[in-house]
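Heads up, the thing below is written out as structure tokens.
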Amino acid sequence: MLMLILLPVIGVCVAYAAWLLLRRALQAWEHYQHRLHAETQRTLDAAFLFLDVRQLRPAVLGVGAVFLLLCAWLLGRWWGVLPLLCGMLLAPSVALRLLRRRREQLFDTQLPDLMQALAGALRAGAGLQAALQHLVAQSRPPLAQEFALMLREQRLGLGFHAALQQLRQRMPTESCGLVVSALGIAAQTGGSLADTLENIAQTLRTRQHWLGRVRALTAQGRMQSHLMAGLPLLLLLVLSRLEPQAMALLWQTWYGWLVLCGIVLLEGAGIFWIRRVAAIQV
């Protein structure tokens with residue numbers, strides 16, 4: 001009699017817990033979609049790519065589906081792609097971060113030439129606004145886009161210092177911060193702006209030279225981190241296809257899952273420490 005009473009109570013509790021878990025999962029998924037949509041739109045707008053994120057969603061879903069089908073075919077089991085599916089949720093944020101970093105590096109690479117050309121134009125007697133408009137029109141993105149937006153903001157009534165701060169917020173790099181600080185100080189204290197710009201250009205070229213040397217010296221460490229990240233996954237896919245019975249122990253036993261968790265933790269720790277050692281600040 002007691003069991004007849006406890007079983008419905010336990011069933012109701014389990015159903016309520018499952019409902020709460022499903023509700024939390026749906027809320028987390030909606031939050032993830034909203035955050036990813038906002039981050040993607042912000043990155044595209046910052047890169048002057050005025051696209052609707054909803055137009056990119058079918059292409060991204062199609063590429064992800066093809067990748068999951070290929071992995072499932074290599075593994076031989078459909079449920080074996082669940083860990084990959086969890087990892088794919090982080091892929092868009094990583095791709096957006098790499099896109100922003102690539103654009104910022106290209107902007108820093110173009111800055112010294114612009115500063116040197118601007119200094120030459122000022123020595124020839126041209127005004128700052130006129131020289132910037134002429135040089136920006138001949139420059140390439142992303143530097144041309146950012147400085148053209150700064151000039152457009154000034155024409156709409158924004159002050160020079162405010163426009164520089166807006167530029168600093170859009171391009172939060174050390175080189176851009178150095179340029180903004182030097183131009184702001186030179187505008188406040190006076191003096192030869194051409195000499196200031198030439199000094200900035202020389203400093204940026206020297207900094208980029210040392211950054212290039214550091215990247216060359218640490219290329220081996222960064223390549224090791226990439227190989228450590230990709231080689232175990234590649235071996236896992238190949239061996240799962242060649243020896244499915246032997247590799248099935250990793251997927252069908254509890255100690256196999258413990259081994260996989262240990263592999264993931266050790267791989268993550270190794271990649272983290274290698275990148276920390278190779279990340280030398282200049």
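Going through the structure tokens in order, the chains are called A, B, and so on, while each chain numbers its residues from 1 and the ligands are numbered from 1 in the order shown.
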A:Ala144: which residues within 12 Å, counting only C-alpha atoms, same-chain residues fewer than 5 positions away excluded, as a PDB file with C-alpha atoms, in the first residue's frame?
```pdb
ATOM      1  CA  ALA A  47      33.914  45.641 -39.730  1.00  0.00           C
ATOM      2  CA  PHE A  48      31.533  47.790 -41.860  1.00  0.00           C
ATOM      3  CA  LEU A 106      45.716  44.970 -40.027  1.00  0.00           C
ATOM      4  CA  PHE A 107      44.754  48.410 -38.684  1.00  0.00           C
ATOM      5  CA  GLN A 110      48.610  50.506 -41.652  1.00  0.00           C
ATOM      6  CA  LEU A 111      49.021  53.144 -38.944  1.00  0.00           C
ATOM      7  CA  LEU A 114      49.480  57.012 -42.419  1.00  0.00           C
ATOM      8  CA  LEU A 132      43.513  63.395 -43.431  1.00  0.00           C
ATOM      9  CA  GLN A 133      40.715  63.486 -46.016  1.00  0.00           C
ATOM     10  CA  HIS A 134      43.189  63.181 -48.870  1.00  0.00           C
ATOM     11  CA  LEU A 135      45.196  60.357 -47.274  1.00  0.00           C
ATOM     12  CA  VAL A 136      42.163  58.425 -46.058  1.00  0.00           C
ATOM     13  CA  ALA A 137      40.693  58.472 -49.566  1.00  0.00           C
ATOM     14  CA  GLN A 138      43.868  56.764 -50.831  1.00  0.00           C
ATOM     15  CA  SER A 139      44.142  54.260 -47.967  1.00  0.00           C
ATOM     16  CA  LEU A 149      34.091  57.643 -39.840  1.00  0.00           C
ATOM     17  CA  MET A 150      36.100  59.892 -37.495  1.00  0.00           C
ATOM     18  CA  LEU A 151      36.127  62.693 -40.086  1.00  0.00           C
ATOM     19  CA  ARG A 152      32.423  62.233 -40.703  1.00  0.00           C
TER      20      ARG A 152
END
```
**Request:** Find the spatial neighbours of A:Glu198, counting only C-alpha atoms, within a cut-off of 10 Å - ignore same-chain residues fewer than 2 positions away - and output them as a ChimeraX atom specification.
**Result:** /A:112-113,115-120,193-196,200-204
**Prompt:** Which of these residues is nearest to A:Ala229, using only C-alpha atoms: A:Glu243, A:Glu104, A:Glu39, A:Glu267?
**Reply:**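 Answer, going by the shortest atom-to-atom distance: A:Glu267.
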**Request:** Select, from A:Ala182, A:Gln129, A:Thr40, A:Arg222, the residue with the minimum atom-to-atom distance to A:Arg155, counting only C-alpha atoms.
**Result:** A:Gln129
**Computed interatomic separation between atom CA of A:Val214 and atom CA of A:Pro92 (Å)** =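 Taking atom CA of A:Val214 and atom CA of A:Pro92, their separation equals 28.5 Å.
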